[in-house]
Amino acid sequence: MRAAKAQALIAGRDYVAPDDVQAVLPQTIAHRLVPVGDAGRGAAEQVVAMAEAVPLK
């Protein structure tokens, strides 16, 4: 949450948008995941793939 708030502040906003969460998600959550060995990509890339699979409304 703090990283998303910081991202919004850097963007010049005083509120967090879904894009802010998606922007910081790979860097802030990838270290908590165990990558799937046969996926052919690391934890950060897997987080990006998951985030892209969920549409923003």
# chains A, B, ... in the order shown; residues from 1 in each chain; ligands from 1
>>> residues_around(residues="Thr28 (chain A)", least_positions_apart="6", cutoff="10 Å", atoms="only C-alpha atoms", output="PyMOL selection string")
chain A and resi 1+3-4+21+44+47
>>> atom_distance(atom1="CA of Leu33 (chain A)", atom2="CA of Ala51 (chain A)")
13.9 Å
>>> closest_residue(among="A:Ala11, A:Asp19, A:Arg32, A:Leu25", to="Pro55 (chain A)", atoms="only C-alpha atoms")
A:Asp19
>>> residues_around(residues="Lys5 (chain A)", least_positions_apart="3", cutoff="6 Å", atoms="only C-alpha atoms", output="PyMOL selection string")
chain A and resi 2+8+16
>>> closest_residue(among="A:Glu45, A:Ala17, A:Leu9, A:Ala53", to="Ile29 (chain A)", atoms="only C-alpha atoms")
A:Glu45
>>> residues_around(residues="Ala6 (chain A)", least_positions_apart="6", cutoff="12 Å", atoms="only C-alpha atoms", output="PyMOL selection string")
chain A and resi 12-17+20-21+23-24
>>> write_last_selection(atoms="N, CA, C and O atoms", output="PDB file, in the first residue's frame")
ATOM      1  N   GLY A  12       2.091  12.788  -9.103  1.00  0.00           N
ATOM      2  CA  GLY A  12       1.454  14.077  -8.855  1.00  0.00           C
ATOM      3  C   GLY A  12       0.003  13.988  -8.405  1.00  0.00           C
ATOM      4  O   GLY A  12      -0.746  14.945  -8.531  1.00  0.00           O
ATOM      5  N   ARG A  13      -0.384  12.837  -7.881  1.00  0.00           N
ATOM      6  CA  ARG A  13      -1.754  12.657  -7.421  1.00  0.00           C
ATOM      7  C   ARG A  13      -1.790  12.406  -5.921  1.00  0.00           C
ATOM      8  O   ARG A  13      -0.820  11.924  -5.348  1.00  0.00           O
ATOM      9  N   ASP A  14      -2.905  12.740  -5.291  1.00  0.00           N
ATOM     10  CA  ASP A  14      -3.066  12.478  -3.864  1.00  0.00           C
ATOM     11  C   ASP A  14      -3.996  11.296  -3.620  1.00  0.00           C
ATOM     12  O   ASP A  14      -4.521  11.120  -2.524  1.00  0.00           O
ATOM     13  N   TYR A  15      -4.183  10.465  -4.628  1.00  0.00           N
ATOM     14  CA  TYR A  15      -4.991   9.254  -4.516  1.00  0.00           C
ATOM     15  C   TYR A  15      -4.311   8.138  -5.305  1.00  0.00           C
ATOM     16  O   TYR A  15      -3.539   8.384  -6.216  1.00  0.00           O
ATOM     17  N   VAL A  16      -4.593   6.915  -4.907  1.00  0.00           N
ATOM     18  CA  VAL A  16      -4.007   5.738  -5.565  1.00  0.00           C
ATOM     19  C   VAL A  16      -4.982   5.203  -6.605  1.00  0.00           C
ATOM     20  O   VAL A  16      -6.154   5.003  -6.319  1.00  0.00           O
ATOM     21  N   ALA A  17      -4.484   5.008  -7.797  1.00  0.00           N
ATOM     22  CA  ALA A  17      -5.269   4.440  -8.892  1.00  0.00           C
ATOM     23  C   ALA A  17      -4.831   2.991  -9.114  1.00  0.00           C
ATOM     24  O   ALA A  17      -3.725   2.601  -8.712  1.00  0.00           O
ATOM     25  N   ASP A  20      -1.361   2.505 -10.361  1.00  0.00           N
ATOM     26  CA  ASP A  20      -0.273   2.623  -9.391  1.00  0.00           C
ATOM     27  C   ASP A  20       0.028   1.277  -8.754  1.00  0.00           C
ATOM     28  O   ASP A  20       1.183   0.903  -8.579  1.00  0.00           O
ATOM     29  N   VAL A  21      -1.023   0.548  -8.418  1.00  0.00           N
ATOM     30  CA  VAL A  21      -0.849  -0.777  -7.811  1.00  0.00           C
ATOM     31  C   VAL A  21      -0.157  -1.710  -8.795  1.00  0.00           C
ATOM     32  O   VAL A  21       0.797  -2.410  -8.441  1.00  0.00           O
ATOM     33  N   ALA A  23       1.780  -0.900 -11.214  1.00  0.00           N
ATOM     34  CA  ALA A  23       3.145  -0.449 -11.479  1.00  0.00           C
ATOM     35  C   ALA A  23       4.134  -0.959 -10.434  1.00  0.00           C
ATOM     36  O   ALA A  23       5.279  -1.269 -10.756  1.00  0.00           O
ATOM     37  N   VAL A  24       3.710  -1.044  -9.188  1.00  0.00           N
ATOM     38  CA  VAL A  24       4.633  -1.450  -8.125  1.00  0.00           C
ATOM     39  C   VAL A  24       4.486  -2.910  -7.725  1.00  0.00           C
ATOM     40  O   VAL A  24       5.311  -3.437  -6.982  1.00  0.00           O
TER      41      VAL A  24
END
>>> select_by_dssp(residues="chain A", states="alpha helix (DSSP H)", output="PyMOL selection string")
chain A and resi 2-10+18-29+43-53
>>> write_last_selection(atoms="N, CA and C atoms", output="compact mmCIF listing (two decimals), in the first residue's frame")
# COMPACT_ATOMS: atom_id res chain seq x y z
N ARG A 2 1.92 1.21 0.79
CA ARG A 2 2.81 2.39 0.84
C ARG A 2 3.50 2.63 -0.50
N ALA A 3 3.89 1.56 -1.15
CA ALA A 3 4.55 1.71 -2.45
C ALA A 3 3.59 2.29 -3.48
N ALA A 4 2.34 1.86 -3.46
CA ALA A 4 1.34 2.40 -4.39
C ALA A 4 1.07 3.87 -4.09
N LYS A 5 1.02 4.22 -2.81
CA LYS A 5 0.84 5.64 -2.43
C LYS A 5 2.01 6.48 -2.91
N ALA A 6 3.21 5.94 -2.76
CA ALA A 6 4.40 6.66 -3.23
C ALA A 6 4.38 6.82 -4.74
N GLN A 7 3.96 5.79 -5.45
CA GLN A 7 3.85 5.86 -6.91
C GLN A 7 2.87 6.95 -7.32
N ALA A 8 1.73 7.03 -6.64
CA ALA A 8 0.73 8.06 -6.93
C ALA A 8 1.30 9.45 -6.66
N LEU A 9 2.02 9.59 -5.56
CA LEU A 9 2.63 10.88 -5.22
C LEU A 9 3.64 11.31 -6.27
N ILE A 10 4.45 10.37 -6.73
CA ILE A 10 5.43 10.67 -7.78
C ILE A 10 4.72 11.11 -9.05
N PRO A 18 -5.67 2.19 -9.76
CA PRO A 18 -5.27 0.81 -10.04
C PRO A 18 -3.95 0.71 -10.81
N ASP A 19 -3.67 1.67 -11.66
CA ASP A 19 -2.40 1.66 -12.40
C ASP A 19 -1.20 1.77 -11.46
N ASP A 20 -1.36 2.51 -10.36
CA ASP A 20 -0.27 2.62 -9.39
C ASP A 20 0.03 1.28 -8.75
N VAL A 21 -1.02 0.55 -8.42
CA VAL A 21 -0.85 -0.78 -7.81
C VAL A 21 -0.16 -1.71 -8.80
N GLN A 22 -0.60 -1.70 -10.05
CA GLN A 22 0.02 -2.57 -11.04
C GLN A 22 1.46 -2.18 -11.31
N ALA A 23 1.78 -0.90 -11.21
CA ALA A 23 3.15 -0.45 -11.48
C ALA A 23 4.13 -0.96 -10.43
N VAL A 24 3.71 -1.04 -9.19
CA VAL A 24 4.63 -1.45 -8.13
C VAL A 24 4.49 -2.91 -7.72
N LEU A 25 3.48 -3.58 -8.22
CA LEU A 25 3.20 -4.95 -7.82
C LEU A 25 4.36 -5.92 -8.04
N PRO A 26 4.96 -5.97 -9.24
CA PRO A 26 6.05 -6.95 -9.43
C PRO A 26 7.22 -6.76 -8.47
N GLN A 27 7.58 -5.52 -8.19
CA GLN A 27 8.73 -5.26 -7.33
C GLN A 27 8.42 -5.52 -5.86
N THR A 28 7.16 -5.35 -5.47
CA THR A 28 6.83 -5.46 -4.06
C THR A 28 6.34 -6.84 -3.63
N ILE A 29 5.89 -7.66 -4.55
CA ILE A 29 5.34 -8.95 -4.17
C ILE A 29 6.15 -10.14 -4.68
N ALA A 43 10.03 -14.85 -10.80
CA ALA A 43 8.90 -14.44 -9.97
C ALA A 43 8.30 -13.12 -10.44
N ALA A 44 9.13 -12.13 -10.75
CA ALA A 44 8.61 -10.83 -11.18
C ALA A 44 7.83 -10.96 -12.49
N GLU A 45 8.34 -11.76 -13.42
CA GLU A 45 7.64 -11.94 -14.69
C GLU A 45 6.32 -12.67 -14.49
N GLN A 46 6.29 -13.60 -13.55
CA GLN A 46 5.04 -14.30 -13.26
C GLN A 46 4.01 -13.37 -12.63
N VAL A 47 4.46 -12.45 -11.77
CA VAL A 47 3.54 -11.47 -11.18
C VAL A 47 2.97 -10.56 -12.26
N VAL A 48 3.81 -10.13 -13.19
CA VAL A 48 3.34 -9.29 -14.29
C VAL A 48 2.29 -10.04 -15.11
N ALA A 49 2.54 -11.30 -15.41
CA ALA A 49 1.58 -12.10 -16.18
C ALA A 49 0.26 -12.23 -15.44
N MET A 50 0.31 -12.43 -14.12
CA MET A 50 -0.92 -12.53 -13.34
C MET A 50 -1.67 -11.20 -13.34
N ALA A 51 -0.96 -10.10 -13.17
CA ALA A 51 -1.60 -8.78 -13.15
C ALA A 51 -2.23 -8.46 -14.49
N GLU A 52 -1.58 -8.84 -15.57
CA GLU A 52 -2.13 -8.58 -16.90
C GLU A 52 -3.36 -9.44 -17.18
N ALA A 53 -3.48 -10.56 -16.50
CA ALA A 53 -4.63 -11.45 -16.70
C ALA A 53 -5.89 -10.91 -16.03
>>> decode(residues="region 1-38 of chain A", atoms="N, CA, C and O atoms", output="compact mmCIF listing (two decimals), in the first residue's frame")
# COMPACT_ATOMS: atom_id res chain seq x y z
N MET A 1 0.82 -1.18 0.00
CA MET A 1 0.00 0.00 0.00
C MET A 1 0.88 1.26 0.00
O MET A 1 0.60 2.20 -0.73
N ARG A 2 1.92 1.21 0.79
CA ARG A 2 2.81 2.39 0.84
C ARG A 2 3.50 2.63 -0.50
O ARG A 2 3.68 3.76 -0.90
N ALA A 3 3.89 1.56 -1.15
CA ALA A 3 4.55 1.71 -2.45
C ALA A 3 3.59 2.29 -3.48
O ALA A 3 3.97 3.14 -4.28
N ALA A 4 2.34 1.86 -3.46
CA ALA A 4 1.34 2.40 -4.39
C ALA A 4 1.07 3.87 -4.09
O ALA A 4 0.91 4.69 -5.01
N LYS A 5 1.02 4.22 -2.81
CA LYS A 5 0.84 5.64 -2.43
C LYS A 5 2.01 6.48 -2.91
O LYS A 5 1.84 7.59 -3.40
N ALA A 6 3.21 5.94 -2.76
CA ALA A 6 4.40 6.66 -3.23
C ALA A 6 4.38 6.82 -4.74
O ALA A 6 4.72 7.88 -5.26
N GLN A 7 3.96 5.79 -5.45
CA GLN A 7 3.85 5.86 -6.91
C GLN A 7 2.87 6.95 -7.32
O GLN A 7 3.12 7.72 -8.25
N ALA A 8 1.73 7.03 -6.64
CA ALA A 8 0.73 8.06 -6.93
C ALA A 8 1.30 9.45 -6.66
O ALA A 8 1.10 10.38 -7.45
N LEU A 9 2.02 9.59 -5.56
CA LEU A 9 2.63 10.88 -5.22
C LEU A 9 3.64 11.31 -6.27
O LEU A 9 3.67 12.47 -6.68
N ILE A 10 4.45 10.37 -6.73
CA ILE A 10 5.43 10.67 -7.78
C ILE A 10 4.72 11.11 -9.05
O ILE A 10 5.20 11.98 -9.77
N ALA A 11 3.54 10.54 -9.31
CA ALA A 11 2.76 10.89 -10.49
C ALA A 11 1.99 12.20 -10.30
O ALA A 11 1.31 12.65 -11.21
N GLY A 12 2.09 12.79 -9.10
CA GLY A 12 1.45 14.08 -8.85
C GLY A 12 0.00 13.99 -8.40
O GLY A 12 -0.75 14.94 -8.53
N ARG A 13 -0.38 12.84 -7.88
CA ARG A 13 -1.75 12.66 -7.42
C ARG A 13 -1.79 12.41 -5.92
O ARG A 13 -0.82 11.92 -5.35
N ASP A 14 -2.91 12.74 -5.29
CA ASP A 14 -3.07 12.48 -3.86
C ASP A 14 -4.00 11.30 -3.62
O ASP A 14 -4.52 11.12 -2.52
N TYR A 15 -4.18 10.46 -4.63
CA TYR A 15 -4.99 9.25 -4.52
C TYR A 15 -4.31 8.14 -5.31
O TYR A 15 -3.54 8.38 -6.22
N VAL A 16 -4.59 6.91 -4.91
CA VAL A 16 -4.01 5.74 -5.57
C VAL A 16 -4.98 5.20 -6.61
O VAL A 16 -6.15 5.00 -6.32
N ALA A 17 -4.48 5.01 -7.80
CA ALA A 17 -5.27 4.44 -8.89
C ALA A 17 -4.83 2.99 -9.11
O ALA A 17 -3.73 2.60 -8.71
N PRO A 18 -5.67 2.19 -9.76
CA PRO A 18 -5.27 0.81 -10.04
C PRO A 18 -3.95 0.71 -10.81
O PRO A 18 -3.18 -0.23 -10.59
N ASP A 19 -3.67 1.67 -11.66
CA ASP A 19 -2.40 1.66 -12.40
C ASP A 19 -1.20 1.77 -11.46
O ASP A 19 -0.14 1.21 -11.74
N ASP A 20 -1.36 2.51 -10.36
CA ASP A 20 -0.27 2.62 -9.39
C ASP A 20 0.03 1.28 -8.75
O ASP A 20 1.18 0.90 -8.58
N VAL A 21 -1.02 0.55 -8.42
CA VAL A 21 -0.85 -0.78 -7.81
C VAL A 21 -0.16 -1.71 -8.80
O VAL A 21 0.80 -2.41 -8.44
N GLN A 22 -0.60 -1.70 -10.05
CA GLN A 22 0.02 -2.57 -11.04
C GLN A 22 1.46 -2.18 -11.31
O GLN A 22 2.29 -3.03 -11.59
N ALA A 23 1.78 -0.90 -11.21
CA ALA A 23 3.15 -0.45 -11.48
C ALA A 23 4.13 -0.96 -10.43
O ALA A 23 5.28 -1.27 -10.76
N VAL A 24 3.71 -1.04 -9.19
CA VAL A 24 4.63 -1.45 -8.13
C VAL A 24 4.49 -2.91 -7.72
O VAL A 24 5.31 -3.44 -6.98
N LEU A 25 3.48 -3.58 -8.22
CA LEU A 25 3.20 -4.95 -7.82
C LEU A 25 4.36 -5.92 -8.04
O LEU A 25 4.75 -6.63 -7.11
N PRO A 26 4.96 -5.97 -9.24
CA PRO A 26 6.05 -6.95 -9.43
C PRO A 26 7.22 -6.76 -8.47
O PRO A 26 7.76 -7.73 -7.93
N GLN A 27 7.58 -5.52 -8.19
CA GLN A 27 8.73 -5.26 -7.33
C GLN A 27 8.42 -5.52 -5.86
O GLN A 27 9.30 -5.84 -5.07
N THR A 28 7.16 -5.35 -5.47
CA THR A 28 6.83 -5.46 -4.06
C THR A 28 6.34 -6.84 -3.63
O THR A 28 6.39 -7.16 -2.45
N ILE A 29 5.89 -7.66 -4.55
CA ILE A 29 5.34 -8.95 -4.17
C ILE A 29 6.15 -10.14 -4.68
O ILE A 29 6.05 -11.23 -4.14
N ALA A 30 6.97 -9.93 -5.68
CA ALA A 30 7.69 -11.05 -6.29
C ALA A 30 8.59 -11.78 -5.29
O ALA A 30 8.75 -13.00 -5.39
N HIS A 31 9.14 -11.08 -4.33
CA HIS A 31 10.02 -11.74 -3.37
C HIS A 31 9.27 -12.68 -2.43
O HIS A 31 9.86 -13.50 -1.75
N ARG A 32 7.95 -12.59 -2.41
CA ARG A 32 7.14 -13.45 -1.55
C ARG A 32 6.65 -14.70 -2.27
O ARG A 32 6.05 -15.56 -1.65
N LEU A 33 6.88 -14.80 -3.56
CA LEU A 33 6.40 -15.93 -4.34
C LEU A 33 7.52 -16.92 -4.65
O LEU A 33 8.68 -16.54 -4.79
N VAL A 34 7.15 -18.15 -4.78
CA VAL A 34 8.08 -19.18 -5.24
C VAL A 34 7.73 -19.41 -6.70
O VAL A 34 6.63 -19.86 -7.02
N PRO A 35 8.64 -19.06 -7.62
CA PRO A 35 8.33 -19.22 -9.04
C PRO A 35 8.06 -20.67 -9.42
O PRO A 35 8.65 -21.59 -8.88
N VAL A 36 7.14 -20.85 -10.34
CA VAL A 36 6.87 -22.17 -10.87
C VAL A 36 8.05 -22.55 -11.75
O VAL A 36 8.40 -21.82 -12.68
N GLY A 37 8.66 -23.66 -11.44
CA GLY A 37 9.90 -24.06 -12.12
C GLY A 37 9.79 -24.21 -13.62
O GLY A 37 10.68 -23.82 -14.35
N ASP A 38 8.69 -24.74 -14.11
CA ASP A 38 8.58 -24.99 -15.54
C ASP A 38 7.90 -23.85 -16.30
O ASP A 38 7.55 -24.00 -17.46
